[in-house]
Structures are given as structure tokens and as C-alpha cells.
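Heads up, structure-v5.csv below (CSV, C-alpha atoms):
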chain,number,residue,atom,x,y,z
A,1,MET,CA,-80.2,-66.1,-15.3
A,2,LEU,CA,-77.9,-63.1,-15.1
A,3,LEU,CA,-74.7,-63.4,-17.0
A,4,LEU,CA,-71.8,-61.0,-16.6
A,5,ALA,CA,-69.8,-61.1,-19.8
A,6,LEU,CA,-66.4,-59.6,-20.4
A,7,ASP,CA,-63.7,-59.7,-23.1
A,8,THR,CA,-60.2,-58.3,-23.3
A,9,ALA,CA,-58.8,-60.4,-26.1
A,10,THR,CA,-58.9,-57.5,-28.6
A,11,PRO,CA,-58.1,-53.8,-28.1
A,12,ALA,CA,-61.7,-53.4,-26.8
A,13,VAL,CA,-62.4,-53.6,-23.1
A,14,THR,CA,-66.0,-54.8,-23.3
A,15,VAL,CA,-68.5,-55.8,-20.6
A,16,ALA,CA,-72.2,-56.7,-20.7
A,17,LEU,CA,-75.0,-58.0,-18.6
A,18,HIS,CA,-77.5,-60.5,-20.0
A,19,ASP,CA,-80.7,-61.6,-18.2
A,20,GLY,CA,-81.3,-64.8,-20.3
A,21,GLY,CA,-83.5,-63.0,-22.7
A,22,ASP,CA,-81.6,-59.8,-23.7
A,23,VAL,CA,-78.6,-57.6,-23.0
A,24,ILE,CA,-79.7,-55.2,-20.3
A,25,ALA,CA,-76.5,-53.1,-20.0
A,26,SER,CA,-73.1,-52.9,-21.9
A,27,SER,CA,-70.0,-50.9,-22.1
A,28,SER,CA,-67.1,-51.0,-24.6
A,29,GLN,CA,-63.9,-48.9,-24.8
A,30,VAL,CA,-61.1,-49.4,-27.3
A,31,ASP,CA,-57.7,-49.0,-25.7
A,32,ALA,CA,-55.2,-51.8,-26.2
A,33,ARG,CA,-52.9,-50.5,-23.5
A,34,ARG,CA,-55.4,-50.0,-20.6
A,35,HIS,CA,-57.2,-53.3,-20.2
A,36,GLY,CA,-56.4,-53.6,-16.5
A,37,GLU,CA,-57.2,-50.0,-15.8
A,38,LEU,CA,-60.6,-49.9,-17.6
A,39,LEU,CA,-62.1,-53.3,-17.0
A,40,LEU,CA,-63.3,-53.0,-13.3
A,41,PRO,CA,-64.8,-49.5,-13.8
A,42,ALA,CA,-66.7,-50.9,-16.8
A,43,VAL,CA,-68.1,-53.7,-14.7
A,44,ASP,CA,-69.2,-51.1,-12.1
A,45,ARG,CA,-70.7,-49.0,-14.9
A,46,VAL,CA,-72.9,-51.8,-16.4
A,47,LEU,CA,-74.1,-52.9,-12.9
A,48,ALA,CA,-75.1,-49.3,-12.1
A,49,GLU,CA,-76.8,-48.9,-15.4
A,50,ALA,CA,-78.8,-52.1,-14.8
A,51,GLY,CA,-79.5,-51.1,-11.1
A,52,LEU,CA,-78.0,-54.4,-9.9
A,53,ARG,CA,-75.4,-55.5,-7.5
A,54,LEU,CA,-72.5,-57.9,-8.4
A,55,ASP,CA,-74.0,-60.6,-6.1
A,56,ALA,CA,-77.0,-60.8,-8.4
A,57,VAL,CA,-74.9,-62.4,-11.1
A,58,THR,CA,-75.5,-66.1,-11.6
A,59,GLY,CA,-72.7,-66.8,-14.1
A,60,ILE,CA,-69.6,-65.3,-15.7
A,61,VAL,CA,-68.9,-65.4,-19.5
A,62,VAL,CA,-65.3,-64.5,-20.6
A,63,GLY,CA,-63.7,-64.3,-24.0
A,64,VAL,CA,-60.9,-66.8,-24.1
A,65,GLY,CA,-59.2,-65.4,-27.2
A,66,PRO,CA,-57.2,-66.0,-29.2
A,67,GLY,CA,-55.5,-62.8,-28.3
A,68,PRO,CA,-52.3,-61.2,-27.1
A,69,TYR,CA,-51.0,-62.6,-23.7
A,70,THR,CA,-51.1,-59.4,-21.6
A,71,GLY,CA,-54.6,-58.2,-22.6
A,72,LEU,CA,-56.2,-61.7,-22.6
A,73,ARG,CA,-55.1,-62.6,-19.1
A,74,VAL,CA,-56.7,-59.5,-17.6
A,75,GLY,CA,-60.1,-60.7,-18.6
A,76,LEU,CA,-59.5,-64.3,-17.6
A,77,MET,CA,-58.1,-63.5,-14.2
A,78,THR,CA,-60.9,-61.1,-13.5
A,79,ALA,CA,-63.5,-63.7,-14.5
A,80,ASP,CA,-61.9,-66.4,-12.4
A,81,THR,CA,-61.8,-64.0,-9.4
A,82,PHE,CA,-65.5,-63.1,-9.8
A,83,GLY,CA,-66.4,-66.7,-10.1
A,84,LEU,CA,-64.6,-67.7,-6.9
A,85,ALA,CA,-65.9,-64.7,-4.9
A,86,LEU,CA,-69.5,-65.2,-6.0
A,87,GLY,CA,-69.5,-69.0,-6.1
A,88,VAL,CA,-70.9,-69.0,-9.7
A,89,PRO,CA,-69.7,-70.9,-12.8
A,90,VAL,CA,-67.3,-69.2,-15.3
A,91,HIS,CA,-67.9,-70.1,-18.9
A,92,GLY,CA,-65.4,-69.6,-21.7
A,93,VAL,CA,-66.3,-68.5,-25.2
A,94,CYS,CA,-64.0,-68.1,-28.2
A,95,THR,CA,-63.7,-64.4,-28.9
A,96,LEU,CA,-63.8,-65.1,-32.7
A,97,ASP,CA,-67.1,-66.9,-32.1
A,98,GLY,CA,-68.5,-63.7,-30.5
A,99,LEU,CA,-67.4,-61.6,-33.5
A,100,ALA,CA,-69.0,-64.1,-35.9
A,101,TYR,CA,-72.2,-64.0,-33.9
A,102,ALA,CA,-72.3,-60.2,-34.1
A,103,ALA,CA,-71.4,-60.1,-37.8
A,104,ASP,CA,-73.7,-58.3,-40.3
A,105,ILE,CA,-73.2,-61.1,-42.8
A,106,GLU,CA,-76.5,-62.8,-43.7
A,107,GLU,CA,-75.0,-66.0,-45.3
A,108,GLY,CA,-71.7,-67.9,-45.0
A,109,PRO,CA,-69.2,-69.0,-45.3
A,110,PHE,CA,-67.1,-66.2,-44.0
A,111,VAL,CA,-63.9,-65.6,-42.1
A,112,VAL,CA,-63.2,-63.7,-38.8
A,113,ALA,CA,-59.8,-62.2,-38.4
A,114,THR,CA,-58.4,-60.1,-35.5
A,115,ASP,CA,-55.1,-58.3,-35.2
A,116,ALA,CA,-52.4,-60.6,-33.7
A,117,ARG,CA,-49.6,-58.0,-34.2
A,118,ARG,CA,-46.3,-59.0,-35.7
A,119,LYS,CA,-48.0,-58.6,-39.0
A,120,GLU,CA,-50.2,-61.7,-38.3
A,121,VAL,CA,-53.9,-62.3,-37.7
A,122,TYR,CA,-55.9,-64.7,-35.5
A,123,TRP,CA,-58.5,-66.2,-37.7
A,124,ALA,CA,-61.1,-68.9,-38.3
A,125,THR,CA,-63.8,-69.6,-40.9
A,126,TYR,CA,-67.5,-69.9,-40.3
A,127,ALA,CA,-70.4,-71.6,-42.1
A,128,ASP,CA,-72.8,-69.1,-40.4
A,129,SER,CA,-72.9,-66.8,-37.4
A,130,ARG,CA,-73.1,-69.8,-35.0
A,131,THR,CA,-71.0,-72.5,-36.7
A,132,ARG,CA,-67.2,-72.4,-36.8
A,133,LEU,CA,-65.7,-74.6,-39.5
A,134,THR,CA,-62.0,-74.4,-38.6
A,135,ASP,CA,-60.0,-74.2,-35.4
A,136,PRO,CA,-58.6,-70.7,-34.5
A,137,ALA,CA,-55.1,-70.2,-35.9
A,138,VAL,CA,-52.5,-67.5,-36.2
A,139,ASP,CA,-50.8,-66.8,-39.5
A,140,ARG,CA,-49.5,-64.1,-41.8
A,141,PRO,CA,-52.3,-62.8,-44.1
A,142,ALA,CA,-50.4,-63.6,-47.2
A,143,ASP,CA,-49.9,-67.2,-46.1
A,144,ILE,CA,-53.7,-67.8,-45.9
A,145,ALA,CA,-54.8,-65.7,-48.9
A,146,GLU,CA,-55.7,-68.7,-51.1
A,147,ARG,CA,-57.6,-70.4,-48.3
A,148,VAL,CA,-59.8,-67.3,-47.6
A,149,ALA,CA,-60.0,-66.0,-51.2
A,150,GLY,CA,-63.5,-64.8,-52.0
A,151,LEU,CA,-64.8,-65.0,-48.5
A,152,PRO,CA,-66.3,-62.0,-46.7
A,153,ALA,CA,-64.4,-61.1,-43.6
A,154,VAL,CA,-65.1,-59.6,-40.1
A,155,GLY,CA,-62.8,-58.0,-37.7
A,156,ALA,CA,-59.8,-55.6,-37.3
A,157,GLY,CA,-57.5,-58.1,-39.0
A,158,ALA,CA,-59.6,-58.0,-42.1
A,159,LEU,CA,-59.5,-54.2,-42.1
A,160,LEU,CA,-55.7,-54.1,-41.6
A,161,TYR,CA,-55.0,-56.4,-44.6
A,162,PRO,CA,-57.3,-55.5,-47.5
A,163,ASP,CA,-55.2,-57.3,-50.0
A,164,THR,CA,-56.0,-60.6,-48.3
A,165,PHE,CA,-59.5,-59.6,-47.1
A,166,PRO,CA,-61.0,-57.3,-49.7
A,167,SER,CA,-64.5,-57.7,-48.4
A,168,ALA,CA,-64.4,-56.5,-44.8
A,169,HIS,CA,-67.5,-56.1,-42.6
A,170,GLU,CA,-68.3,-54.9,-39.1
A,171,PRO,CA,-67.8,-55.4,-36.2
A,172,GLU,CA,-64.1,-54.5,-35.9
A,173,HIS,CA,-63.6,-55.6,-32.3
A,174,ALA,CA,-65.1,-58.0,-29.8
A,175,SER,CA,-68.4,-57.2,-28.1
A,176,ALA,CA,-69.3,-58.6,-24.7
A,177,ALA,CA,-73.0,-58.1,-25.6
A,178,ALA,CA,-72.6,-60.5,-28.5
A,179,LEU,CA,-70.5,-62.9,-26.3
A,180,ALA,CA,-73.2,-62.9,-23.6
A,181,ALA,CA,-76.1,-63.4,-26.1
A,182,LEU,CA,-74.2,-66.3,-27.7
A,183,ALA,CA,-73.5,-67.9,-24.3
A,184,ALA,CA,-77.0,-67.5,-23.1
A,185,GLU,CA,-78.3,-69.1,-26.3
A,186,ARG,CA,-76.0,-72.1,-26.0
A,187,LEU,CA,-76.7,-72.5,-22.2
A,188,ALA,CA,-80.5,-72.4,-22.9
A,189,ALA,CA,-80.0,-75.2,-25.5
A,190,GLY,CA,-78.3,-77.3,-22.9
A,191,GLU,CA,-74.9,-77.0,-24.3
A,192,GLU,CA,-71.8,-77.2,-22.1
A,193,LEU,CA,-69.5,-74.2,-22.6
A,194,PRO,CA,-65.7,-74.7,-22.4
A,195,ALA,CA,-63.7,-73.9,-19.3
A,196,PRO,CA,-62.2,-70.4,-19.2
A,197,ARG,CA,-58.7,-71.4,-20.5
A,198,PRO,CA,-56.7,-68.9,-22.6
A,199,MET,CA,-56.2,-69.4,-26.4
A,200,TYR,CA,-52.8,-67.9,-26.8
A,201,LEU,CA,-51.7,-69.9,-29.9
A,202,ARG,CA,-48.2,-68.6,-29.5
A,203,ARG,CA,-45.7,-67.8,-26.7
A,204,PRO,CA,-45.7,-64.4,-25.1
A,205,ASP,CA,-43.4,-61.6,-26.3
A,206,ALA,CA,-41.6,-61.5,-22.9
A,207,GLN,CA,-39.1,-64.3,-22.4
A,208,VAL,CA,-37.0,-65.3,-19.4
A,209,PRO,CA,-33.3,-64.8,-20.4
A,210,LYS,CA,-31.6,-68.2,-21.0
A,211,ASN,CA,-28.1,-67.1,-19.8
A,212,TYR,CA,-27.7,-64.9,-16.8
A,213,LYS,CA,-24.6,-62.7,-16.7
A,214,VAL,CA,-22.8,-62.8,-13.4
A,215,VAL,CA,-22.5,-59.2,-12.0
A,216,THR,CA,-21.5,-60.0,-8.4
A,217,PRO,CA,-17.8,-59.6,-7.4
A,218,LYS,CA,-15.8,-62.7,-7.1

Could you take the file, read its structure, and then write that structure out as C-alpha cells?
Amino acid sequence: MLLLALDTATPAVTVALHDGGDVIASSSQVDARRHGELLLPAVDRVLAEAGLRLDAVTGIVVGVGPGPYTGLRVGLMTADTFGLALGVPVHGVCTLDGLAYAADIEEGPFVVATDARRKEVYWATYADSRTRLTDPAVDRPADIAERVAGLPAVGAGALLYPDTFPSAHEPEHASAAALAALAAERLAAGEELPAPRPMYLRRPDAQVPKNYKVVTPK
């Protein structure tokens, strides 16, 4: 097994290689505006670090969000393209699950919250680092304060809104290394991972105008 994992659902552009036993190379850069520019060089970098070629990869793992539309689709389209070119399966993993897996919280329950912009967070609650209790959702922190009261929290969303998440823990952003390790563990246990379909949870900011103004002469 050689999994190439990538995630662009948070401001981090993160890539990792996992050989079924351990992460053998990884790269993460935080830049919310340069996902498309940074992702492929990061793939080249981890392959070079591992001394491997892309055609050695036997599977692709990609974070499916939830995340902002523009950043998320960069990772998903890249994963699909690699899968088609190499003829290997592409596995989706919830980005929040990867953050939970990497959390430095010994016991649950806890919450994972990432920045959804518009003064909202993407979030879900977990019984432990491998078990999600609720479906991912997007809400204003104040609207979920009672539901997450007293729970430790992980992620950039928790750090942004300390009034709702007073007990914030690392990591802040997604890690492809954690995503790959979680996927490898689930695959080894015979679990079927979901298809790489994006979890947007809301419509993109850009909208097609409903009424077009006629500008051509009559």
C-alpha cells in the first residue's frame, strides 16, 4: 500500500505519503489564497523526499471537507485527476475526522471546529479520536454554544471564537499525515471509505446573476 493523501479544505495545503504502516513523507503550508498554486509542488516535494515516483502510488486519499468551495475543489479535482491517470481508487475522508484523529485530547467527548468564514464554523462532535457523534454542520458559534458547552475543542474555529470554545487544543488546521493514517487504518480493517464527494454544506459565494441587463443597441 502506498497512499497519497491531500487536503485543501482549510487554509492548509497539506500532502502526505503513507506506506500502510507509517507516514513516510509530508508537507504542509498555510495559505488560504494559494491552494491551486501550492498543491502540485507539494506533491512533487513529498515524492522526492520519499524517493518515489507518482506511479508507485496505489491509492489516493482526499479530504472532502466541509470547507469553502474554492479551496475544497482544488484538492478534490486533483485527487480525481490522479486517480484517473494512475488507475487507482480515490478515497474520501471527512476533514473534520482527520483533525479529530490528530487531536491531542486523550478522552472525549470533544468538538472539532474549523473556520467557515462569514462568522461561522464547520463543526462536529466526537466520542473519541476515531468516532464521530454528529454529522458535520455549519453554524454561528453563538447558536451552538449550549450544545458544545464544556467540551474541549480542536481547530481554527475554536481558536477564533474563545467565548464559545474556551478550551481549544491543537491542531489548528488539517493534516494530510493524519488523514492518510486514519484512511490506512480504516482500509486495513476492511472498511469501505466514502466516495470523494465535496461536503460544501452551503452554496458558494459566487452566484450567477438572476437578471441580465441588456447592453446591446436595439

Residue with smallest distance to Val46 (chain A) - pool A:Leu17, A:Val61, A:Gly157, A:Glu120, counting all atoms listed in the file: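 Comparing A:Leu17, A:Val61, A:Gly157, A:Glu120 against Val46 (chain A), the winner is A:Leu17.
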
Proximity to Tyr69 (chain A) - best of A:Leu54, A:Ala178, A:Ala127, A:Ala9, only C-alpha atoms: A:Ala9

Could the residues of region 89-150 of chain A that have an atom at most 12 Å from region 25-39 of chain A be listed as a Markdown table, each with its closest atom pair and the distance in Å to one decimal, counting all atoms listed in the file and ordered by chain and ascending residue number?
| residue | atom | partner | partner_atom | distance |
| --- | --- | --- | --- | --- |
| A:Asp115 | CA | A:Ala32 | CA | 11.1 |
| A:Ala116 | CA | A:Ala32 | CA | 11.9 |
| A:Arg117 | CA | A:Ala32 | CA | 11.6 |

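The interatomic distance for the pair CA of Pro141 (chain A) and CA of Val62 (chain A) works out to 26.9 Å.
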
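The coordinates place CA of Leu99 (chain A) at 15.6 Å from CA of Leu151 (chain A).
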
Who sits within 8 Å of Leu72 (chain A), only C-alpha atoms, same chain under 3 positions skipped, as number ranges by chain: A: 7-10, 64-69, 75-76, 198

Residue nearest Thr78 (chain A) - candidates A:Leu52, A:Val112, A:Ala103, A:Val43, atoms counted: all atoms listed in the file: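 That would be A:Val43, the residue with the smallest distance to Thr78 (chain A).
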
Nearest to Ala5 (chain A) by atom-to-atom distance, counting all atoms listed in the file, from A:Val121, A:Ala181, A:Ala168, A:Val154: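 Going through A:Val121, A:Ala181, A:Ala168, A:Val154 one by one, the smallest distance to Ala5 (chain A) is for A:Ala181.
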
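The list of residues with at least one atom within 7 Å of Ala137 (chain A), based on all atoms listed in the file and without residues fewer than 5 positions apart in the same chain, reads Tyr122, Trp123, Ala124 and Leu201 of chain A.
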
Limited to C-alpha atoms, could you put the picked residues into a file as an mmCIF file, keeping the file's coordinate frame?
data_model
loop_
_atom_site.group_PDB
_atom_site.id
_atom_site.type_symbol
_atom_site.label_atom_id
_atom_site.label_comp_id
_atom_site.auth_asym_id
_atom_site.auth_seq_id
_atom_site.Cartn_x
_atom_site.Cartn_y
_atom_site.Cartn_z
ATOM 1 C CA TYR A 122 -55.900 -64.700 -35.500
ATOM 2 C CA TRP A 123 -58.500 -66.200 -37.700
ATOM 3 C CA ALA A 124 -61.100 -68.900 -38.300
ATOM 4 C CA LEU A 201 -51.700 -69.900 -29.900
#

Nearest candidate to Gly83 (chain A) (options A:Leu133, A:Leu40, A:Val13, A:Leu4; using all atoms listed in the file): A:Leu4

Proximity to Leu84 (chain A) - best of A:Leu179, A:Asp55, A:Val23, A:Val15, all atoms listed in the file: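 The shortest atom-to-atom distance to Leu84 (chain A) comes from A:Asp55.
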
Separation of CA of Gly20 (chain A) from CA of Ala156 (chain A) in Å: 28.9 Å

Residue neighbourhood Ala195 (chain A), 8 Å, all atoms listed in the file, exclusion window fewer than 4 positions, as number ranges by chain: A: 90-92

Who sits within 12 Å of Pro166 (chain A), all atoms listed in the file, same chain under 6 positions skipped, as a PyMOL selection string: chain A and resi 111+141+145+148-154+157-160

Limit the output to N, CA and C atoms and give region 160-207 of chain A as a PDB file, in the first residue's frame.
ATOM      1  N   LEU A 160     -10.711  30.870  17.013  1.00  0.00           N
ATOM      2  CA  LEU A 160     -11.297  32.150  16.606  1.00  0.00           C
ATOM      3  C   LEU A 160     -12.401  32.620  17.547  1.00  0.00           C
ATOM      4  N   TYR A 161     -13.081  31.679  18.183  1.00  0.00           N
ATOM      5  CA  TYR A 161     -14.246  32.035  18.986  1.00  0.00           C
ATOM      6  C   TYR A 161     -14.115  31.458  20.402  1.00  0.00           C
ATOM      7  N   PRO A 162     -13.228  32.035  21.199  1.00  0.00           N
ATOM      8  CA  PRO A 162     -12.984  31.503  22.541  1.00  0.00           C
ATOM      9  C   PRO A 162     -14.176  31.608  23.479  1.00  0.00           C
ATOM     10  N   ASP A 163     -15.111  32.516  23.214  1.00  0.00           N
ATOM     11  CA  ASP A 163     -16.285  32.606  24.070  1.00  0.00           C
ATOM     12  C   ASP A 163     -17.131  31.331  23.982  1.00  0.00           C
ATOM     13  N   THR A 164     -17.184  30.752  22.776  1.00  0.00           N
ATOM     14  CA  THR A 164     -17.939  29.506  22.584  1.00  0.00           C
ATOM     15  C   THR A 164     -17.085  28.283  22.881  1.00  0.00           C
ATOM     16  N   PHE A 165     -15.780  28.386  22.551  1.00  0.00           N
ATOM     17  CA  PHE A 165     -14.868  27.252  22.726  1.00  0.00           C
ATOM     18  C   PHE A 165     -13.709  27.670  23.644  1.00  0.00           C
ATOM     19  N   PRO A 166     -13.938  27.763  24.942  1.00  0.00           N
ATOM     20  CA  PRO A 166     -12.895  28.263  25.851  1.00  0.00           C
ATOM     21  C   PRO A 166     -11.711  27.315  26.027  1.00  0.00           C
ATOM     22  N   SER A 167     -11.912  26.025  25.693  1.00  0.00           N
ATOM     23  CA  SER A 167     -10.838  25.045  25.853  1.00  0.00           C
ATOM     24  C   SER A 167     -10.401  24.543  24.482  1.00  0.00           C
ATOM     25  N   ALA A 168      -9.475  25.286  23.838  1.00  0.00           N
ATOM     26  CA  ALA A 168      -9.046  24.969  22.481  1.00  0.00           C
ATOM     27  C   ALA A 168      -7.729  24.211  22.492  1.00  0.00           C
ATOM     28  N   HIS A 169      -7.627  23.224  21.594  1.00  0.00           N
ATOM     29  CA  HIS A 169      -6.447  22.375  21.504  1.00  0.00           C
ATOM     30  C   HIS A 169      -5.922  22.346  20.067  1.00  0.00           C
ATOM     31  N   GLU A 170      -4.664  21.940  19.930  1.00  0.00           N
ATOM     32  CA  GLU A 170      -4.081  21.681  18.615  1.00  0.00           C
ATOM     33  C   GLU A 170      -4.648  20.367  18.071  1.00  0.00           C
ATOM     34  N   PRO A 171      -4.626  20.173  16.736  1.00  0.00           N
ATOM     35  CA  PRO A 171      -4.058  21.063  15.716  1.00  0.00           C
ATOM     36  C   PRO A 171      -5.040  22.152  15.277  1.00  0.00           C
ATOM     37  N   GLU A 172      -4.492  23.175  14.636  1.00  0.00           N
ATOM     38  CA  GLU A 172      -5.319  24.266  14.147  1.00  0.00           C
ATOM     39  C   GLU A 172      -5.927  23.947  12.791  1.00  0.00           C
ATOM     40  N   HIS A 173      -5.110  23.372  11.891  1.00  0.00           N
ATOM     41  CA  HIS A 173      -5.555  23.078  10.531  1.00  0.00           C
ATOM     42  C   HIS A 173      -5.427  21.590  10.218  1.00  0.00           C
ATOM     43  N   ALA A 174      -5.998  21.206   9.097  1.00  0.00           N
ATOM     44  CA  ALA A 174      -5.961  19.813   8.658  1.00  0.00           C
ATOM     45  C   ALA A 174      -4.538  19.366   8.379  1.00  0.00           C
ATOM     46  N   SER A 175      -4.300  18.071   8.537  1.00  0.00           N
ATOM     47  CA  SER A 175      -3.002  17.465   8.253  1.00  0.00           C
ATOM     48  C   SER A 175      -3.215  16.240   7.373  1.00  0.00           C
ATOM     49  N   ALA A 176      -2.576  16.221   6.196  1.00  0.00           N
ATOM     50  CA  ALA A 176      -2.689  15.063   5.320  1.00  0.00           C
ATOM     51  C   ALA A 176      -2.061  13.829   5.950  1.00  0.00           C
ATOM     52  N   ALA A 177      -1.067  14.031   6.816  1.00  0.00           N
ATOM     53  CA  ALA A 177      -0.453  12.902   7.504  1.00  0.00           C
ATOM     54  C   ALA A 177      -1.486  12.180   8.368  1.00  0.00           C
ATOM     55  N   ALA A 178      -2.284  12.947   9.114  1.00  0.00           N
ATOM     56  CA  ALA A 178      -3.329  12.341   9.939  1.00  0.00           C
ATOM     57  C   ALA A 178      -4.419  11.725   9.072  1.00  0.00           C
ATOM     58  N   LEU A 179      -4.776  12.403   7.989  1.00  0.00           N
ATOM     59  CA  LEU A 179      -5.795  11.899   7.077  1.00  0.00           C
ATOM     60  C   LEU A 179      -5.359  10.557   6.491  1.00  0.00           C
ATOM     61  N   ALA A 180      -4.092  10.464   6.080  1.00  0.00           N
ATOM     62  CA  ALA A 180      -3.569   9.236   5.493  1.00  0.00           C
ATOM     63  C   ALA A 180      -3.530   8.109   6.511  1.00  0.00           C
ATOM     64  N   ALA A 181      -3.089   8.429   7.729  1.00  0.00           N
ATOM     65  CA  ALA A 181      -3.006   7.403   8.771  1.00  0.00           C
ATOM     66  C   ALA A 181      -4.391   6.866   9.125  1.00  0.00           C
ATOM     67  N   LEU A 182      -5.380   7.755   9.201  1.00  0.00           N
ATOM     68  CA  LEU A 182      -6.742   7.336   9.504  1.00  0.00           C
ATOM     69  C   LEU A 182      -7.293   6.470   8.371  1.00  0.00           C
ATOM     70  N   ALA A 183      -7.071   6.883   7.118  1.00  0.00           N
ATOM     71  CA  ALA A 183      -7.553   6.104   5.978  1.00  0.00           C
ATOM     72  C   ALA A 183      -6.894   4.734   5.933  1.00  0.00           C
ATOM     73  N   ALA A 184      -5.581   4.687   6.160  1.00  0.00           N
ATOM     74  CA  ALA A 184      -4.859   3.410   6.143  1.00  0.00           C
ATOM     75  C   ALA A 184      -5.398   2.475   7.220  1.00  0.00           C
ATOM     76  N   GLU A 185      -5.687   3.021   8.396  1.00  0.00           N
ATOM     77  CA  GLU A 185      -6.227   2.215   9.495  1.00  0.00           C
ATOM     78  C   GLU A 185      -7.596   1.648   9.125  1.00  0.00           C
ATOM     79  N   ARG A 186      -8.442   2.478   8.544  1.00  0.00           N
ATOM     80  CA  ARG A 186      -9.782   2.028   8.177  1.00  0.00           C
ATOM     81  C   ARG A 186      -9.735   1.009   7.040  1.00  0.00           C
ATOM     82  N   LEU A 187      -8.879   1.219   6.062  1.00  0.00           N
ATOM     83  CA  LEU A 187      -8.758   0.278   4.951  1.00  0.00           C
ATOM     84  C   LEU A 187      -8.223  -1.069   5.435  1.00  0.00           C
ATOM     85  N   ALA A 188      -7.251  -1.027   6.333  1.00  0.00           N
ATOM     86  CA  ALA A 188      -6.682  -2.266   6.872  1.00  0.00           C
ATOM     87  C   ALA A 188      -7.732  -3.058   7.650  1.00  0.00           C
ATOM     88  N   ALA A 189      -8.710  -2.343   8.241  1.00  0.00           N
ATOM     89  CA  ALA A 189      -9.781  -3.005   8.996  1.00  0.00           C
ATOM     90  C   ALA A 189     -10.910  -3.480   8.090  1.00  0.00           C
ATOM     91  N   GLY A 190     -10.757  -3.267   6.786  1.00  0.00           N
ATOM     92  CA  GLY A 190     -11.764  -3.712   5.838  1.00  0.00           C
ATOM     93  C   GLY A 190     -12.920  -2.760   5.646  1.00  0.00           C
ATOM     94  N   GLU A 191     -12.786  -1.554   6.156  1.00  0.00           N
ATOM     95  CA  GLU A 191     -13.859  -0.573   5.997  1.00  0.00           C
ATOM     96  C   GLU A 191     -13.856  -0.004   4.577  1.00  0.00           C
ATOM     97  N   GLU A 192     -15.034   0.347   4.112  1.00  0.00           N
ATOM     98  CA  GLU A 192     -15.166   0.994   2.807  1.00  0.00           C
ATOM     99  C   GLU A 192     -15.239   2.497   3.023  1.00  0.00           C
ATOM    100  N   LEU A 193     -14.290   3.233   2.458  1.00  0.00           N
ATOM    101  CA  LEU A 193     -14.282   4.684   2.622  1.00  0.00           C
ATOM    102  C   LEU A 193     -15.237   5.330   1.621  1.00  0.00           C
ATOM    103  N   PRO A 194     -15.797   6.477   1.974  1.00  0.00           N
ATOM    104  CA  PRO A 194     -16.763   7.124   1.084  1.00  0.00           C
ATOM    105  C   PRO A 194     -16.130   7.645  -0.200  1.00  0.00           C
ATOM    106  N   ALA A 195     -16.982   7.859  -1.188  1.00  0.00           N
ATOM    107  CA  ALA A 195     -16.519   8.427  -2.455  1.00  0.00           C
ATOM    108  C   ALA A 195     -16.037   9.859  -2.226  1.00  0.00           C
ATOM    109  N   PRO A 196     -15.138  10.336  -3.079  1.00  0.00           N
ATOM    110  CA  PRO A 196     -14.599  11.693  -2.910  1.00  0.00           C
ATOM    111  C   PRO A 196     -15.568  12.761  -3.405  1.00  0.00           C
ATOM    112  N   ARG A 197     -16.624  12.974  -2.643  1.00  0.00           N
ATOM    113  CA  ARG A 197     -17.620  13.975  -2.991  1.00  0.00           C
ATOM    114  C   ARG A 197     -17.549  15.127  -1.992  1.00  0.00           C
ATOM    115  N   PRO A 198     -17.584  16.357  -2.462  1.00  0.00           N
ATOM    116  CA  PRO A 198     -17.371  17.500  -1.562  1.00  0.00           C
ATOM    117  C   PRO A 198     -18.498  17.717  -0.573  1.00  0.00           C
ATOM    118  N   MET A 199     -18.118  18.094   0.648  1.00  0.00           N
ATOM    119  CA  MET A 199     -19.060  18.497   1.686  1.00  0.00           C
ATOM    120  C   MET A 199     -19.039  20.017   1.748  1.00  0.00           C
ATOM    121  N   TYR A 200     -19.868  20.671   0.965  1.00  0.00           N
ATOM    122  CA  TYR A 200     -19.885  22.134   0.968  1.00  0.00           C
ATOM    123  C   TYR A 200     -20.746  22.685   2.113  1.00  0.00           C
ATOM    124  N   LEU A 201     -21.885  22.072   2.361  1.00  0.00           N
ATOM    125  CA  LEU A 201     -22.847  22.459   3.408  1.00  0.00           C
ATOM    126  C   LEU A 201     -23.560  23.776   3.143  1.00  0.00           C
ATOM    127  N   ARG A 202     -23.086  24.533   2.182  1.00  0.00           N
ATOM    128  CA  ARG A 202     -23.799  25.744   1.792  1.00  0.00           C
ATOM    129  C   ARG A 202     -23.369  26.114   0.391  1.00  0.00           C
ATOM    130  N   ARG A 203     -24.100  27.015  -0.233  1.00  0.00           N
ATOM    131  CA  ARG A 203     -23.826  27.410  -1.607  1.00  0.00           C
ATOM    132  C   ARG A 203     -22.574  28.281  -1.674  1.00  0.00           C
ATOM    133  N   PRO A 204     -21.869  28.280  -2.831  1.00  0.00           N
ATOM    134  CA  PRO A 204     -20.681  29.130  -2.959  1.00  0.00           C
ATOM    135  C   PRO A 204     -21.027  30.601  -2.912  1.00  0.00           C
ATOM    136  N   ASP A 205     -20.008  31.418  -2.570  1.00  0.00           N
ATOM    137  CA  ASP A 205     -20.215  32.864  -2.503  1.00  0.00           C
ATOM    138  C   ASP A 205     -20.579  33.450  -3.861  1.00  0.00           C
ATOM    139  N   ALA A 206     -19.929  32.958  -4.918  1.00  0.00           N
ATOM    140  CA  ALA A 206     -20.190  33.472  -6.264  1.00  0.00           C
ATOM    141  C   ALA A 206     -21.526  32.939  -6.769  1.00  0.00           C
ATOM    142  N   GLN A 207     -22.359  33.819  -7.284  1.00  0.00           N
ATOM    143  CA  GLN A 207     -23.669  33.431  -7.789  1.00  0.00           C
ATOM    144  C   GLN A 207     -23.859  33.993  -9.196  1.00  0.00           C
TER     145      GLN A 207
END
